[in-house]
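As stored in data_33.csv (CSV, C-alpha atoms):
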```
chain,number,residue,atom,x,y,z
A,19,MET,CA,0.0,0.0,0.0
A,20,ASN,CA,1.1,3.5,-0.7
A,21,GLY,CA,2.6,5.4,2.2
A,22,CYS,CA,3.1,9.0,3.0
A,23,THR,CA,6.2,11.0,2.1
A,24,ASP,CA,6.2,13.1,5.3
A,25,ARG,CA,8.6,12.6,8.2
A,26,LYS,CA,8.2,9.6,10.4
A,27,ILE,CA,6.6,10.0,13.8
A,28,SER,CA,9.3,9.8,16.5
A,29,TRP,CA,7.0,10.5,19.3
A,30,SER,CA,4.3,8.6,21.1
A,31,PRO,CA,1.2,10.7,21.7
A,32,SER,CA,0.4,11.3,25.4
A,33,ARG,CA,-2.8,9.7,26.6
A,34,PHE,CA,-4.8,10.6,29.7
A,35,VAL,CA,-7.5,9.1,31.8
A,36,VAL,CA,-10.7,11.1,31.8
A,37,CYS,CA,-13.7,9.7,33.6
A,38,GLY,CA,-12.1,6.3,33.7
A,39,THR,CA,-11.3,6.0,30.0
A,40,TYR,CA,-8.3,6.8,27.9
A,41,VAL,CA,-8.1,9.7,25.4
A,42,HIS,CA,-5.1,10.9,23.3
A,43,ALA,CA,-4.2,14.6,23.2
A,44,LEU,CA,-3.9,15.1,19.5
A,45,ASN,CA,-4.7,18.2,17.4
A,46,VAL,CA,-5.9,17.8,13.9
A,47,ASP,CA,-2.5,17.8,12.3
A,48,GLU,CA,-1.0,15.4,14.8
A,49,LEU,CA,-4.0,13.0,14.3
A,50,THR,CA,-3.5,13.1,10.6
A,51,ASP,CA,0.2,12.4,11.0
A,52,VAL,CA,-0.6,9.3,13.1
A,53,VAL,CA,-3.0,8.0,10.4
A,54,ALA,CA,-0.3,8.7,7.8
A,55,HIS,CA,2.2,6.8,9.9
A,56,THR,CA,-0.1,3.9,10.1
A,57,VAL,CA,-0.5,3.8,6.3
A,58,GLN,CA,3.3,4.2,5.9
A,59,GLN,CA,4.0,1.2,8.1
A,60,SER,CA,1.3,-0.9,6.4
A,61,ALA,CA,0.0,-1.4,9.9
A,62,LYS,CA,-3.5,-2.0,11.1
A,63,ARG,CA,-4.9,0.4,13.8
A,64,VAL,CA,-8.3,1.4,15.0
A,65,PHE,CA,-9.1,5.1,15.7
A,66,GLY,CA,-12.0,5.8,18.0
A,67,ASN,CA,-13.2,9.0,19.5
A,68,HIS,CA,-14.8,10.2,22.7
A,69,ASN,CA,-17.6,12.7,23.4
A,70,LEU,CA,-20.2,12.9,26.0
A,71,HIS,CA,-22.5,10.4,24.2
A,72,SER,CA,-19.7,7.8,24.0
A,73,LEU,CA,-18.9,8.3,27.7
A,74,TYR,CA,-22.5,7.4,28.4
A,75,LEU,CA,-22.2,4.3,26.2
A,76,TYR,CA,-18.9,3.5,27.9
A,77,PHE,CA,-20.6,3.4,31.3
A,78,THR,CA,-23.7,1.6,30.1
A,79,ASP,CA,-22.7,-0.7,27.3
A,80,GLY,CA,-20.2,-3.5,28.1
A,81,ARG,CA,-19.2,-4.0,24.5
A,82,MET,CA,-18.4,-0.3,24.0
A,83,LYS,CA,-16.1,-0.6,27.1
A,84,GLU,CA,-14.5,-3.6,25.5
A,85,PHE,CA,-14.0,-1.6,22.2
A,86,TYR,CA,-12.3,1.3,24.0
A,87,ARG,CA,-10.2,-0.8,26.3
A,88,PHE,CA,-9.0,-3.6,23.9
A,89,VAL,CA,-9.6,-2.6,20.3
A,90,ALA,CA,-9.1,1.2,19.8
A,91,ASP,CA,-5.4,2.0,19.4
A,92,TYR,CA,-6.0,5.8,19.4
A,93,VAL,CA,-8.9,7.7,20.9
A,94,HIS,CA,-9.1,11.3,20.0
A,95,VAL,CA,-11.3,14.0,21.7
A,96,ASP,CA,-14.5,14.7,19.8
A,97,GLY,CA,-16.4,17.2,21.9
A,98,MET,CA,-15.8,20.3,24.1
A,99,SER,CA,-17.4,18.4,27.0
A,100,LEU,CA,-14.3,16.2,27.1
A,101,VAL,CA,-12.0,19.2,27.1
A,102,VAL,CA,-14.0,20.7,30.0
A,103,LEU,CA,-14.1,17.4,31.9
A,104,GLY,CA,-10.4,16.9,31.3
A,105,ARG,CA,-9.6,20.3,32.8
A,106,LEU,CA,-11.8,19.6,35.8
A,107,CYS,CA,-9.8,16.4,36.3
A,108,GLY,CA,-6.5,18.3,36.1
A,109,VAL,CA,-5.7,16.8,32.6
A,110,PRO,CA,-4.0,19.2,30.1
A,111,ILE,CA,-6.4,18.7,27.2
A,112,ARG,CA,-6.8,21.9,25.3
A,113,ARG,CA,-9.4,23.3,22.9
A,114,GLU,CA,-7.2,22.4,19.9
A,115,HIS,CA,-7.3,18.8,20.9
A,116,ARG,CA,-11.0,18.6,20.0
A,117,VAL,CA,-11.1,17.1,16.5
A,118,THR,CA,-14.5,16.4,14.9
A,119,TYR,CA,-14.9,14.8,11.5
A,120,VAL,CA,-16.8,17.9,10.3
A,121,ASP,CA,-13.5,19.8,10.7
A,122,TRP,CA,-11.2,16.9,9.8
A,123,ILE,CA,-12.7,15.1,6.8
A,124,ASP,CA,-11.5,17.6,4.2
A,125,LEU,CA,-8.0,17.6,5.5
A,126,LEU,CA,-7.9,13.8,5.7
A,127,MET,CA,-9.3,13.4,2.2
A,128,ARG,CA,-6.8,16.0,0.9
A,129,ARG,CA,-4.0,13.9,2.4
A,130,ALA,CA,-5.5,10.7,0.9
A,131,HIS,CA,-5.6,12.3,-2.5
A,132,ARG,CA,-2.1,13.7,-2.3
A,133,ASP,CA,-0.5,10.4,-1.1
A,134,GLY,CA,-2.6,8.1,-3.3
A,135,TRP,CA,-4.4,6.3,-0.4
A,136,ARG,CA,-7.4,4.1,-1.2
A,137,VAL,CA,-10.5,5.1,0.9
A,138,PHE,CA,-13.5,2.9,1.6
A,139,TYR,CA,-16.6,4.3,3.4
A,140,VAL,CA,-19.3,2.0,4.9
A,141,GLY,CA,-22.3,3.7,6.5
A,142,SER,CA,-25.2,6.1,5.9
A,143,LYS,CA,-28.5,5.5,4.1
A,144,PRO,CA,-28.5,4.1,0.6
A,145,GLY,CA,-27.6,6.8,-1.8
A,146,VAL,CA,-26.1,9.2,0.8
A,147,ALA,CA,-22.6,7.6,0.8
A,148,GLU,CA,-22.5,7.6,-3.0
A,149,ARG,CA,-23.5,11.3,-3.1
A,150,GLY,CA,-20.9,12.2,-0.5
A,151,ALA,CA,-18.2,10.3,-2.4
A,152,ALA,CA,-19.1,12.1,-5.6
A,153,ILE,CA,-18.7,15.5,-3.8
A,154,LEU,CA,-15.3,14.4,-2.5
A,155,ARG,CA,-14.2,13.3,-6.0
A,156,CYS,CA,-15.2,16.8,-7.3
A,157,ARG,CA,-13.2,18.5,-4.5
A,158,PHE,CA,-10.2,16.2,-5.0
A,159,PRO,CA,-10.1,14.9,-8.6
A,160,GLY,CA,-8.6,11.4,-8.8
A,161,LEU,CA,-9.4,10.6,-5.1
A,162,ALA,CA,-9.8,6.8,-4.9
A,163,ILE,CA,-12.9,6.2,-2.8
A,164,GLU,CA,-15.5,3.5,-2.8
A,165,THR,CA,-18.7,3.3,-0.6
A,166,MET,CA,-21.2,0.8,0.8
A,167,HIS,CA,-24.4,1.9,2.6
A,168,GLY,CA,-24.8,1.0,6.3
A,169,TYR,CA,-28.3,-0.5,6.0
A,170,PHE,CA,-27.3,-4.2,6.4
A,171,GLU,CA,-27.4,-6.8,9.1
A,172,PRO,CA,-24.2,-6.1,11.1
A,173,LYS,CA,-23.9,-9.3,13.1
A,174,ALA,CA,-20.8,-11.4,12.5
A,175,GLY,CA,-21.3,-14.3,10.2
A,176,THR,CA,-24.4,-13.0,8.4
A,177,ALA,CA,-24.5,-12.8,4.6
A,178,ASP,CA,-24.8,-9.0,4.7
A,179,THR,CA,-21.7,-8.6,6.7
A,180,GLY,CA,-19.8,-11.2,4.7
A,181,GLU,CA,-20.6,-9.2,1.5
A,182,VAL,CA,-19.3,-6.0,3.1
A,183,LEU,CA,-16.1,-7.6,4.3
A,184,THR,CA,-15.5,-9.2,0.9
A,185,ARG,CA,-15.9,-5.8,-0.8
A,186,ILE,CA,-13.4,-4.3,1.6
A,187,ARG,CA,-11.0,-7.2,1.2
A,188,ARG,CA,-11.0,-6.8,-2.6
A,189,TYR,CA,-10.5,-3.1,-2.4
A,190,ARG,CA,-7.9,-3.3,0.4
A,191,PRO,CA,-8.3,0.3,1.5
A,192,ASN,CA,-5.7,2.3,3.3
A,193,LEU,CA,-8.5,4.2,5.1
A,194,LEU,CA,-11.7,2.5,6.2
A,195,LEU,CA,-14.3,5.0,7.5
A,196,VAL,CA,-17.1,3.3,9.4
A,197,GLY,CA,-20.1,5.7,9.7
A,198,MET,CA,-22.9,3.7,11.2
A,199,GLY,CA,-23.3,5.7,14.4
A,200,MET,CA,-22.5,4.8,18.0
A,201,PRO,CA,-22.6,2.1,19.2
A,202,ARG,CA,-23.3,0.2,16.0
A,203,GLN,CA,-20.1,1.1,14.2
A,204,GLU,CA,-17.9,0.1,17.2
A,205,HIS,CA,-19.8,-3.2,17.7
A,206,TRP,CA,-19.3,-4.0,14.1
A,207,VAL,CA,-15.6,-3.4,14.2
A,208,LEU,CA,-15.4,-5.3,17.5
A,209,ASP,CA,-17.1,-8.3,15.9
A,210,ASN,CA,-15.2,-8.3,12.6
A,211,LEU,CA,-11.8,-6.8,13.3
A,212,ASP,CA,-9.9,-9.9,12.4
A,213,GLN,CA,-11.5,-10.0,8.9
A,214,ILE,CA,-11.2,-6.3,8.1
A,215,ASP,CA,-8.3,-5.8,5.6
A,216,ALA,CA,-7.4,-2.1,6.0
A,217,ASN,CA,-4.8,0.1,7.6
A,218,ALA,CA,-6.5,2.9,9.5
A,219,ILE,CA,-10.0,2.0,10.6
A,220,LEU,CA,-11.8,5.1,11.7
A,221,MET,CA,-15.1,5.5,13.5
A,222,SER,CA,-16.4,8.4,11.4
A,223,GLY,CA,-20.1,8.7,12.5
A,224,ALA,CA,-22.1,11.1,10.4
A,225,ALA,CA,-19.1,12.5,8.4
A,226,MET,CA,-20.5,11.5,5.0
A,227,ASP,CA,-24.0,12.6,5.9
A,228,TYR,CA,-22.7,16.1,6.5
A,229,ILE,CA,-20.7,16.1,3.2
A,230,ALA,CA,-23.7,14.9,1.3
A,231,GLY,CA,-26.0,17.5,2.9
A,232,ALA,CA,-28.2,14.8,4.5
A,233,VAL,CA,-27.6,16.4,7.9
A,234,ARG,CA,-27.2,20.1,8.4
A,235,THR,CA,-23.7,21.1,9.4
A,236,PRO,CA,-23.6,23.1,12.6
A,237,PRO,CA,-21.8,26.5,12.3
A,238,ARG,CA,-18.2,26.1,13.2
A,239,TRP,CA,-18.3,28.9,15.8
A,240,ALA,CA,-20.8,26.8,17.7
A,241,GLY,CA,-18.4,24.0,17.9
A,242,ARG,CA,-15.6,26.2,19.1
A,243,CYS,CA,-17.8,27.7,21.8
A,244,GLY,CA,-19.1,24.3,22.9
A,245,LEU,CA,-22.6,24.9,21.6
A,246,GLU,CA,-22.7,22.5,18.7
A,247,TRP,CA,-24.9,20.2,20.8
A,248,PHE,CA,-27.6,22.9,21.1
A,249,PHE,CA,-27.6,23.5,17.3
A,250,ARG,CA,-28.1,19.8,16.7
A,251,LEU,CA,-30.8,19.4,19.4
A,252,CYS,CA,-32.8,22.3,17.8
A,253,HIS,CA,-32.7,20.6,14.4
A,254,GLU,CA,-33.3,17.0,15.5
A,255,PRO,CA,-35.1,17.2,18.9
A,256,LYS,CA,-37.0,13.9,18.6
A,257,ARG,CA,-33.8,11.9,17.9
A,258,LEU,CA,-31.4,13.8,20.2
A,259,TRP,CA,-33.3,15.0,23.2
A,260,ARG,CA,-32.3,12.0,25.3
A,261,ARG,CA,-28.7,12.2,24.3
A,262,TYR,CA,-28.3,15.9,25.2
A,263,LEU,CA,-30.8,16.3,28.1
A,264,LEU,CA,-30.6,13.0,30.0
A,265,GLU,CA,-27.3,11.3,29.3
A,266,PRO,CA,-25.1,14.0,30.8
A,267,TRP,CA,-26.7,13.4,34.2
A,268,VAL,CA,-26.0,9.7,33.9
A,269,VAL,CA,-22.4,10.4,33.0
A,270,GLY,CA,-22.1,12.8,36.0
A,271,TRP,CA,-23.5,10.2,38.4
A,272,MET,CA,-21.2,7.5,37.0
A,273,MET,CA,-18.2,9.8,37.3
A,274,LEU,CA,-19.0,10.3,41.0
A,275,ARG,CA,-19.3,6.5,41.5
A,276,SER,CA,-16.2,5.5,39.6
A,277,ARG,CA,-13.8,7.9,41.4
A,278,GLN,CA,-11.1,7.1,38.9
A,279,THR,CA,-7.7,8.6,39.4
A,280,ASN,CA,-6.5,10.5,36.3
A,281,HIS,CA,-2.9,10.0,35.2
A,282,VAL,CA,-0.7,10.5,32.2
A,283,GLY,CA,0.4,7.5,30.2
A,284,ARG,CA,2.1,6.7,26.9
A,285,SER,CA,0.6,4.9,23.9
A,286,PRO,CA,2.1,1.7,22.6
A,287,ALA,CA,3.9,2.2,19.3
A,288,ILE,CA,2.0,-0.6,17.5
A,289,ARG,CA,-0.4,-3.4,18.1
A,290,PRO,CA,0.7,-7.1,18.1
A,291,ALA,CA,1.7,-8.7,14.8
A,292,ASN,CA,-1.7,-10.3,14.1
A,293,ARG,CA,-3.1,-6.8,13.8
A,294,GLU,CA,-0.9,-6.0,10.9
A,295,ALA,CA,-2.5,-5.5,7.5
A,296,GLN,CA,-0.9,-6.9,4.3
A,297,GLY,CA,1.0,-4.6,2.0
A,298,ASP,CA,0.4,-4.3,-1.8
A,299,ASP,CA,0.9,-7.2,-4.0
```

Let me see the structure of the file written as structure tokens.
Amino acid sequence: MNGCTDRKISWSPSRFVVCGTYVHALNVDELTDVVAHTVQQSAKRVFGNHNLHSLYLYFTDGRMKEFYRFVADYVHVDGMSLVVLGRLCGVPIRREHRVTYVDWIDLLMRRAHRDGWRVFYVGSKPGVAERGAAILRCRFPGLAIETMHGYFEPKAGTADTGEVLTRIRRYRPNLLLVGMGMPRQEHWVLDNLDQIDANAILMSGAAMDYIAGAVRTPPRWAGRCGLEWFFRLCHEPKRLWRRYLLEPWVVGWMMLRSRQTNHVGRSPAIRPANREAQGDD
């Protein structure tokens, strides 16, 4: 597989414990460099992200806890709530460490186009992923991107999942973006990781929905001010009221119960050998 031409990463990103779970302090350029390094090494790594909703799922869904503890190699900050919680816990996470796919996807696709990476996206409703990919090809002519909608039976061993895995295996992407929403996307990767042939496996949520215009993009000033949740709640109250009005109270209660001690750690340079993806023929 084609690698990047930039400098090799000689550092291991700091990771911190916030509310009992690890996050990595990476700004958008550093996160892109870690992805590029993964492709350059022909390695296989999983990139998760944490926001207030994922914290709720971490506390209430055992399989999500398994994903973050044992599957995700890097977990970036996706929400100002994590920045605030980190500061309250004495962890040096800053505003620039908040990286959302709305802000990151163009930079990531520009890097993929420049370095000749193959991109595969699985997720969204039928037609939405294709429309988003077409928009990205217009922005970055020659970008190698294929898509598969996310409306299939995600359980391991089913014919639907087998078809998706076969398409990914044949395409052998450098980047696999899984945009099926939390916790479905994490569960799917957890169940099928050994059969996924890709370098960087990224939990991208609604990234393609925003590109395709299927979901309205919040103004970027709202994200910087920590008010993106309010914008989304106003536009999708029936779907998101529980997430934004009830789940934070559950997270707060679980934080008080857990009484986890926050500390600084270092990330492992690479996962074990059976997590390596094959290079080009």

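Going from atom CA of Ile186 of chain A to atom CA of His55 of chain A covers 20.9 Å.
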
Handout entry: Non-local contacts of segment 193-204 of chain A (8 Å; all atoms listed in the file; under 3 positions in same chain excluded) as a PyMOL selection string
Key = chain A and resi 72+75+82+85+135-142+168+207-208+216-226

Exercise for the section: Just give me the gap between atom CA of Ala152 of chain A and atom CA of Ala230 of chain A in Å, one decimal is fine. Expected result: 8.8 Å

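You can rank A:Thr78, A:Ile163, A:Lys83, A:Asn192 by their closest distance to Ala61 of chain A using only C-alpha atoms, and at the top of that list sits A:Asn192.
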
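With distances taken over all atoms listed in the file, A:Gly150 is the one residue among A:Gly175, A:Gly180, A:Gly150, A:Pro255 lying closest to Ile229 of chain A.
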
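Take atom CA of Pro31 of chain A and atom CA of Val117 of chain A: the distance between them is 14.8 Å.
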
Exercise for the section: Excluding Asp124 of chain A and any residue of its chain fewer than 6 positions from it, enumerate the residues within 10 Å of it, using all atoms listed in the file, and give them as an MDAnalysis selection string. Expected result: chainID A and resid 130 154 157:158 229

Go ahead and dump the residues you just picked, C-alpha atoms, as a PDB file, in the coordinates of the input.
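File result_15.pdb, as written:
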```
ATOM      1  CA  ALA A 130      -5.500  10.700   0.900  1.00  0.00           C
ATOM      2  CA  LEU A 154     -15.300  14.400  -2.500  1.00  0.00           C
ATOM      3  CA  ARG A 157     -13.200  18.500  -4.500  1.00  0.00           C
ATOM      4  CA  PHE A 158     -10.200  16.200  -5.000  1.00  0.00           C
ATOM      5  CA  ILE A 229     -20.700  16.100   3.200  1.00  0.00           C
TER       6      ILE A 229
END
```

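Nearest residue to Met98 of chain A, choosing from A:Arg63, A:Arg81, A:His205, A:His71 and counting all atoms listed in the file: A:His71.
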
Exercise for the section: Identify the residues within 9 Å of coordinate (-0.4, 8.2, 7.8) (same frame as the file), considering only C-alpha atoms, and give the answer as a PyMOL selection string. Expected result: chain A and resi 21-22+24+49-59+129-130+218

Handout entry: Nearby residues (all atoms listed in the file) at most 9 Å from Ala174 of chain A, same-chain spacing under 6 positions excluded, as a PyMOL selection string
Key = chain A and resi 180+206+209-210

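Checking A:His68, A:Gln213, A:Gly231, A:Gly160 one by one against Ser99 of chain A, counting only C-alpha atoms, you find the shortest gap at A:His68.
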
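The smallest atom-to-atom distance between Asp215 of chain A and any of A:Leu126, A:Val36, A:Val182, A:Val233, using all atoms listed in the file, is found for A:Val182.
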
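Taking all atoms listed in the file into account, Tyr119 of chain A lies nearest to A:Val95 out of the set A:Ala90, A:Ala177, A:Ala151, A:Val95.
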
Problem - Within 9 Å of Arg112 of chain A using all atoms listed in the file, minus same-chain residues under 4 positions, as a PyMOL selection string - result: chain A and resi 43+45+101-102+104-105+116

Could you add the missing atoms to segment 46-64 of chain A, up to N, CA and C atoms, and return them as a compact mmCIF listing (two decimals), in the frame of the given file?
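To be explicit, this is the file written out as rebuild.txt:
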```
# COMPACT_ATOMS: atom_id res chain seq x y z
N VAL A 46 -5.52 18.35 15.15
CA VAL A 46 -5.90 17.80 13.90
C VAL A 46 -4.71 17.40 13.00
N ASP A 47 -3.64 18.17 13.04
CA ASP A 47 -2.50 17.80 12.30
C ASP A 47 -1.75 16.60 12.83
N GLU A 48 -1.68 16.51 14.15
CA GLU A 48 -1.00 15.40 14.80
C GLU A 48 -1.83 14.09 14.52
N LEU A 49 -3.15 14.18 14.59
CA LEU A 49 -4.00 13.00 14.30
C LEU A 49 -3.82 12.55 12.88
N THR A 50 -3.75 13.49 11.95
CA THR A 50 -3.50 13.10 10.60
C THR A 50 -2.17 12.48 10.38
N ASP A 51 -1.16 12.95 11.09
CA ASP A 51 0.20 12.40 11.00
C ASP A 51 0.17 10.92 11.53
N VAL A 52 -0.58 10.67 12.60
CA VAL A 52 -0.60 9.30 13.10
C VAL A 52 -1.31 8.37 12.14
N VAL A 53 -2.36 8.84 11.48
CA VAL A 53 -3.00 8.00 10.40
C VAL A 53 -2.03 7.79 9.29
N ALA A 54 -1.32 8.83 8.87
CA ALA A 54 -0.30 8.70 7.80
C ALA A 54 0.76 7.70 8.16
N HIS A 55 1.20 7.75 9.40
CA HIS A 55 2.20 6.80 9.90
C HIS A 55 1.73 5.39 9.84
N THR A 56 0.47 5.20 10.17
CA THR A 56 -0.10 3.90 10.10
C THR A 56 -0.12 3.33 8.70
N VAL A 57 -0.48 4.17 7.73
CA VAL A 57 -0.50 3.80 6.30
C VAL A 57 0.96 3.49 5.87
N GLN A 58 1.86 4.36 6.25
CA GLN A 58 3.30 4.20 5.90
C GLN A 58 3.84 2.90 6.31
N GLN A 59 3.46 2.47 7.50
CA GLN A 59 4.00 1.20 8.10
C GLN A 59 3.22 -0.01 7.56
N SER A 60 2.16 0.19 6.78
CA SER A 60 1.30 -0.90 6.40
C SER A 60 0.74 -1.62 7.64
N ALA A 61 0.51 -0.85 8.69
CA ALA A 61 0.00 -1.40 9.90
C ALA A 61 -1.51 -1.43 9.91
N LYS A 62 -2.09 -1.95 10.97
CA LYS A 62 -3.50 -2.00 11.10
C LYS A 62 -3.89 -1.45 12.49
N ARG A 63 -4.55 -0.29 12.50
CA ARG A 63 -4.90 0.40 13.80
C ARG A 63 -6.29 0.91 13.72
N VAL A 64 -6.91 0.95 14.87
CA VAL A 64 -8.30 1.40 15.00
C VAL A 64 -8.28 2.77 15.70
```
